Amino acid sequence: MQFPARFSALPEYAFPRLRALLRAEPPGGPDLAMTIGEPKHPMPEMIAETVAAHAHEFALYPPNDGTPELRAAIADWIGLRHGVRIDPDTGVIPLNGTREGLFNAAIALSAEDKNGLSPVVLMPNPFYQAYGAAALAIGAEPVMVPATLETGFLPDYASLPREALDRTTLCYICTPSNPQGAIASPEYWRDLIALAEKHDFRIIADECYGEIYRDAAPVGGLAMAAAAGADPERVMIMQSLSKRSNAPGLRSGFAAGGPRSIARIKQLRAYGGAPLPLPLQRAATVLWRDEGHVEANRALYRRKFDLADRVLGDFPGYVSPVAGFFLWLDVGDGEAAALRLWRETGVRVLPGGYLGRAGADGVNPGHRYIRVALVAPEAEVARGLEAIRDTLGAGGNSEGVM
């Protein structure tokens, strides 16, 4: 019995790789996970209250396209946050987490060929693994563009040869970026949209970290597309309540964009999707209409940003975060540093190379880095950051971290 070869190029997922790396070594202290981006701040009480009030609706099949109330709440939030008017009936679809949308967008929106040639899907490198799997699922060529310190930790898609751009059907952009926390500026957005208009490809904007920032709120893809007068189908955004509202288990997100693109997502979802149960849609509706808990959440992360500055301000390779909730720390060899931290302190971090792939030059742009999640309670984050400083600080970003 044969299996399809389309996913044979996928590496093992990051977290099983990390478990295999650390399995042979006992921890050198109490286990402290700073690996996965799972928020640990208090979940808003309104979730449990709303789910309890609507628990009887678990007996009903949920609507594939989301309730009218949820779609309206999302459209209203987009209007308030980004200043863009979206039709809740044709421009929005609630998702079972943004990963569903990020993966299915490629299936629903990427043509089988482009100018008679096999399609290309662009993505940053390092990247969220769903982007790469989505490209392979549709038989497209995934082109991973380095997002490095030299490029402001965002991919320079305009640097690609015209041949690749003319074959491109989709382009993924994550802003604020995971893992680096870089924010695409209005200038970056204008250039990217102009490039997409010139070469006729769609932009899928992963904005799930967009509500966790230090100072100014990041600009959004829909607002920039509207300001540029772009084709309404040019940009689709994905957002989530996982990070914004500390509700990763709610599995609630949305896609918003042009009506033709949203219609394609809806059509695909009718056959193969898993709509959110009605009580959870009710809770999501309440969350999208409340900003108080989001502001409180943002304040907690700002305290951790300040803590990281105090503890790691003199650490070679430290870049003070402006958004998201990760540190992207240059330690010379991320895998060696992660193993050493575990062996000497019990702190778990993610080697940056597990989020990236080696390019044509043989260089994985994540190799030198570790990703450190600032999601645990503040006291635990402080312990982890101090362990990083005291264990790796002398080596800093040198190759001799072991």
# chains A, B, ... in the order shown; residues from 1 in each chain; ligands from 1
$ residues_around --residues "segment 333-335 of chain A" --least-positions-apart "6" --cutoff "6 Å" --atoms "only C-alpha atoms" --output "MDAnalysis selection string"
chainID A and resid 351:352 367:370
$ select_by_dssp --residues "segment 78-301 of chain A" --states "strand (DSSP E or B)" --output "PyMOL selection string"
chain A and resi 92-95+114+117+120-125+141-146+168-174+202-206+213+235-240+253-256
$ residues_around --residues "Ala196 of chain A" --least-positions-apart "6" --cutoff "8 Å" --atoms "only C-alpha atoms" --output "compact mmCIF listing (two decimals) with N, CA, C and O atoms, in the first residue's frame"
# COMPACT_ATOMS: atom_id res chain seq x y z
N ARG A 202 -2.24 36.68 -4.63
CA ARG A 202 -2.97 37.02 -3.41
C ARG A 202 -2.03 37.03 -2.21
O ARG A 202 -1.08 36.24 -2.15
N ILE A 203 -2.33 37.89 -1.25
CA ILE A 203 -1.58 37.96 0.00
C ILE A 203 -2.45 37.40 1.11
O ILE A 203 -3.59 37.85 1.31
N ARG A 234 -7.28 41.09 -3.26
CA ARG A 234 -5.82 40.99 -3.20
C ARG A 234 -5.31 40.50 -1.85
O ARG A 234 -4.32 39.77 -1.78
$ select_by_dssp --residues "segment 80-237 of chain A" --states "alpha helix (DSSP H)" --output "ChimeraX atom specification"
/A:80-82,98-109,129-137,162-167,186-199,221-228
$ residues_around --residues "Tyr301 of chain A" --least-positions-apart "4" --cutoff "8 Å" --atoms "only C-alpha atoms" --output "JSON, numbers by chain"
{"A": [212, 297, 305, 325, 374]}
$ write_last_selection --atoms "C-alpha atoms" --output "CSV table (one decimal), in the first residue's frame"
chain,number,residue,atom,x,y,z
A,212,ILE,CA,0.0,42.1,21.4
A,297,ASN,CA,-3.6,41.3,28.6
A,305,PHE,CA,8.9,43.0,27.7
A,325,PHE,CA,5.3,37.4,22.8
A,374,LEU,CA,7.1,34.9,27.4
$ closest_residue --among "A:Met238, A:Ala140, A:Leu287, A:Ile262" --to "Leu117 of chain A" --atoms "only C-alpha atoms"
A:Ala140
$ closest_residue --among "A:Ala230, A:Cys171, A:Ala376, A:Leu109" --to "Leu122 of chain A" --atoms "only C-alpha atoms"
A:Cys171
$ atom_distance --atom1 "atom CA of Pro44 of chain A" --atom2 "atom CA of Lys304 of chain A"
19.7 Å
$ closest_residue --among "A:Arg348, A:Arg340, A:Arg251, A:His199" --to "Gln281 of chain A" --atoms "only C-alpha atoms"
A:Arg251
$ residues_around --residues "Gly181 of chain A" --least-positions-apart "6" --cutoff "10 Å" --atoms "only C-alpha atoms" --output "PyMOL selection string"
chain A and resi 153-154+174-175+209-210+212-213+319-328
$ residues_around --residues "Val375 of chain A" --least-positions-apart "4" --cutoff "12 Å" --atoms "only C-alpha atoms" --output "VMD selection string"
chain A and resid 32 to 42 212 243 246 297 to 298 300 to 305 324 to 327 379 to 382 384
$ write_last_selection --atoms "N, CA, C and O atoms" --output "compact mmCIF listing (two decimals), in the first residue's frame"
# COMPACT_ATOMS: atom_id res chain seq x y z
N LEU A 32 10.77 24.08 33.07
CA LEU A 32 10.08 25.33 32.76
C LEU A 32 9.98 25.44 31.24
O LEU A 32 10.98 25.58 30.54
N ALA A 33 8.75 25.34 30.74
CA ALA A 33 8.52 25.39 29.29
C ALA A 33 8.43 26.83 28.82
O ALA A 33 7.55 27.58 29.25
N MET A 34 9.33 27.21 27.92
CA MET A 34 9.29 28.50 27.25
C MET A 34 9.36 28.27 25.75
O MET A 34 10.00 29.01 25.01
N THR A 35 8.66 27.23 25.31
CA THR A 35 8.74 26.78 23.93
C THR A 35 7.51 27.17 23.12
O THR A 35 7.59 27.93 22.17
N ILE A 36 6.36 26.65 23.50
CA ILE A 36 5.16 26.80 22.69
C ILE A 36 4.45 28.11 23.01
O ILE A 36 4.48 28.59 24.15
N GLY A 37 3.83 28.70 22.00
CA GLY A 37 3.13 29.97 22.18
C GLY A 37 1.72 29.77 22.69
O GLY A 37 0.75 30.19 22.04
N GLU A 38 1.59 29.15 23.84
CA GLU A 38 0.28 28.91 24.46
C GLU A 38 0.09 29.90 25.60
O GLU A 38 0.72 29.78 26.65
N PRO A 39 -0.78 30.90 25.42
CA PRO A 39 -0.94 31.93 26.45
C PRO A 39 -1.35 31.35 27.80
O PRO A 39 -2.16 30.42 27.87
N LYS A 40 -0.78 31.90 28.86
CA LYS A 40 -1.07 31.43 30.21
C LYS A 40 -1.69 32.52 31.09
O LYS A 40 -1.89 32.29 32.29
N HIS A 41 -1.97 33.69 30.51
CA HIS A 41 -2.65 34.71 31.29
C HIS A 41 -4.08 34.27 31.57
O HIS A 41 -4.62 33.40 30.88
N PRO A 42 -4.73 34.86 32.58
CA PRO A 42 -6.09 34.42 32.93
C PRO A 42 -7.05 34.51 31.75
O PRO A 42 -7.08 35.51 31.03
N ILE A 212 -1.00 42.11 20.35
CA ILE A 212 0.02 42.09 21.42
C ILE A 212 1.19 42.92 20.92
O ILE A 212 1.98 42.48 20.08
N LYS A 243 -4.42 34.30 21.05
CA LYS A 243 -3.44 35.19 21.67
C LYS A 243 -4.11 36.44 22.23
O LYS A 243 -3.82 36.87 23.35
N ASN A 246 -6.38 35.14 25.24
CA ASN A 246 -5.90 34.05 26.10
C ASN A 246 -6.85 32.86 26.07
O ASN A 246 -7.16 32.26 27.10
N ASN A 297 -4.54 42.33 29.04
CA ASN A 297 -3.60 41.31 28.57
C ASN A 297 -2.34 41.96 28.01
O ASN A 297 -1.21 41.54 28.32
N ARG A 298 -2.52 43.00 27.21
CA ARG A 298 -1.39 43.71 26.61
C ARG A 298 -0.49 44.31 27.70
O ARG A 298 0.74 44.31 27.58
N LEU A 300 0.06 43.13 30.66
CA LEU A 300 0.88 42.06 31.26
C LEU A 300 2.08 41.73 30.37
O LEU A 300 3.18 41.49 30.88
N TYR A 301 1.87 41.71 29.07
CA TYR A 301 3.00 41.44 28.18
C TYR A 301 4.01 42.58 28.18
O TYR A 301 5.22 42.35 28.10
N ARG A 302 3.52 43.81 28.30
CA ARG A 302 4.46 44.93 28.37
C ARG A 302 5.36 44.80 29.59
O ARG A 302 6.55 45.15 29.53
N ARG A 303 4.82 44.33 30.70
CA ARG A 303 5.65 44.10 31.90
C ARG A 303 6.74 43.07 31.60
O ARG A 303 7.88 43.21 32.05
N LYS A 304 6.39 42.05 30.83
CA LYS A 304 7.38 41.02 30.50
C LYS A 304 8.41 41.54 29.50
O LYS A 304 9.59 41.17 29.56
N PHE A 305 7.98 42.40 28.57
CA PHE A 305 8.95 43.04 27.67
C PHE A 305 9.97 43.83 28.48
O PHE A 305 11.19 43.76 28.23
N GLY A 324 4.18 40.73 19.58
CA GLY A 324 4.17 39.30 19.79
C GLY A 324 4.56 38.97 21.21
O GLY A 324 4.60 39.83 22.09
N PHE A 325 4.86 37.70 21.47
CA PHE A 325 5.30 37.36 22.84
C PHE A 325 6.48 36.39 22.84
O PHE A 325 6.64 35.59 23.74
N PHE A 326 7.31 36.48 21.80
CA PHE A 326 8.52 35.68 21.74
C PHE A 326 9.76 36.57 21.77
O PHE A 326 9.73 37.71 21.30
N LEU A 327 10.85 36.02 22.29
CA LEU A 327 12.18 36.56 22.05
C LEU A 327 12.84 35.71 20.99
O LEU A 327 12.70 34.48 20.98
N ALA A 379 6.85 35.56 37.33
CA ALA A 379 7.94 35.02 38.15
C ALA A 379 8.66 33.89 37.44
O ALA A 379 9.90 33.77 37.52
N GLU A 380 7.91 33.06 36.73
CA GLU A 380 8.53 31.97 35.99
C GLU A 380 9.32 32.50 34.80
O GLU A 380 10.41 32.00 34.48
N VAL A 381 8.77 33.50 34.12
CA VAL A 381 9.50 34.11 33.01
C VAL A 381 10.82 34.69 33.51
O VAL A 381 11.87 34.53 32.87
N ALA A 382 10.79 35.35 34.67
CA ALA A 382 12.01 35.92 35.24
C ALA A 382 13.04 34.83 35.49
O ALA A 382 14.24 35.00 35.16
N GLY A 384 13.31 31.95 33.99
CA GLY A 384 13.81 31.45 32.73
C GLY A 384 14.79 32.41 32.06
O GLY A 384 15.82 32.00 31.54
$ closest_residue --among "A:Phe7, A:Tyr61, A:Trp342, A:Tyr188" --to "Gly29 of chain A" --atoms "only C-alpha atoms"
A:Trp342
$ residues_around --residues "Gly28 of chain A" --least-positions-apart "5" --cutoff "8 Å" --atoms "only C-alpha atoms" --output "list in words"
Trp342, Arg343, Glu344, Thr345 and Gly346 of chain A
$ closest_residue --among "A:Met1, A:Ala337, A:Ala216, A:Ala9" --to "Ala137 of chain A" --atoms "only C-alpha atoms"
A:Ala9
$ closest_residue --among "A:Gly273, A:Gly79, A:Gly313, A:Gly132" --to "Glu386 of chain A" --atoms "only C-alpha atoms"
A:Gly313
$ atom_distance --atom1 "atom CA of Lys266 of chain A" --atom2 "atom CA of Asp89 of chain A"
11.1 Å
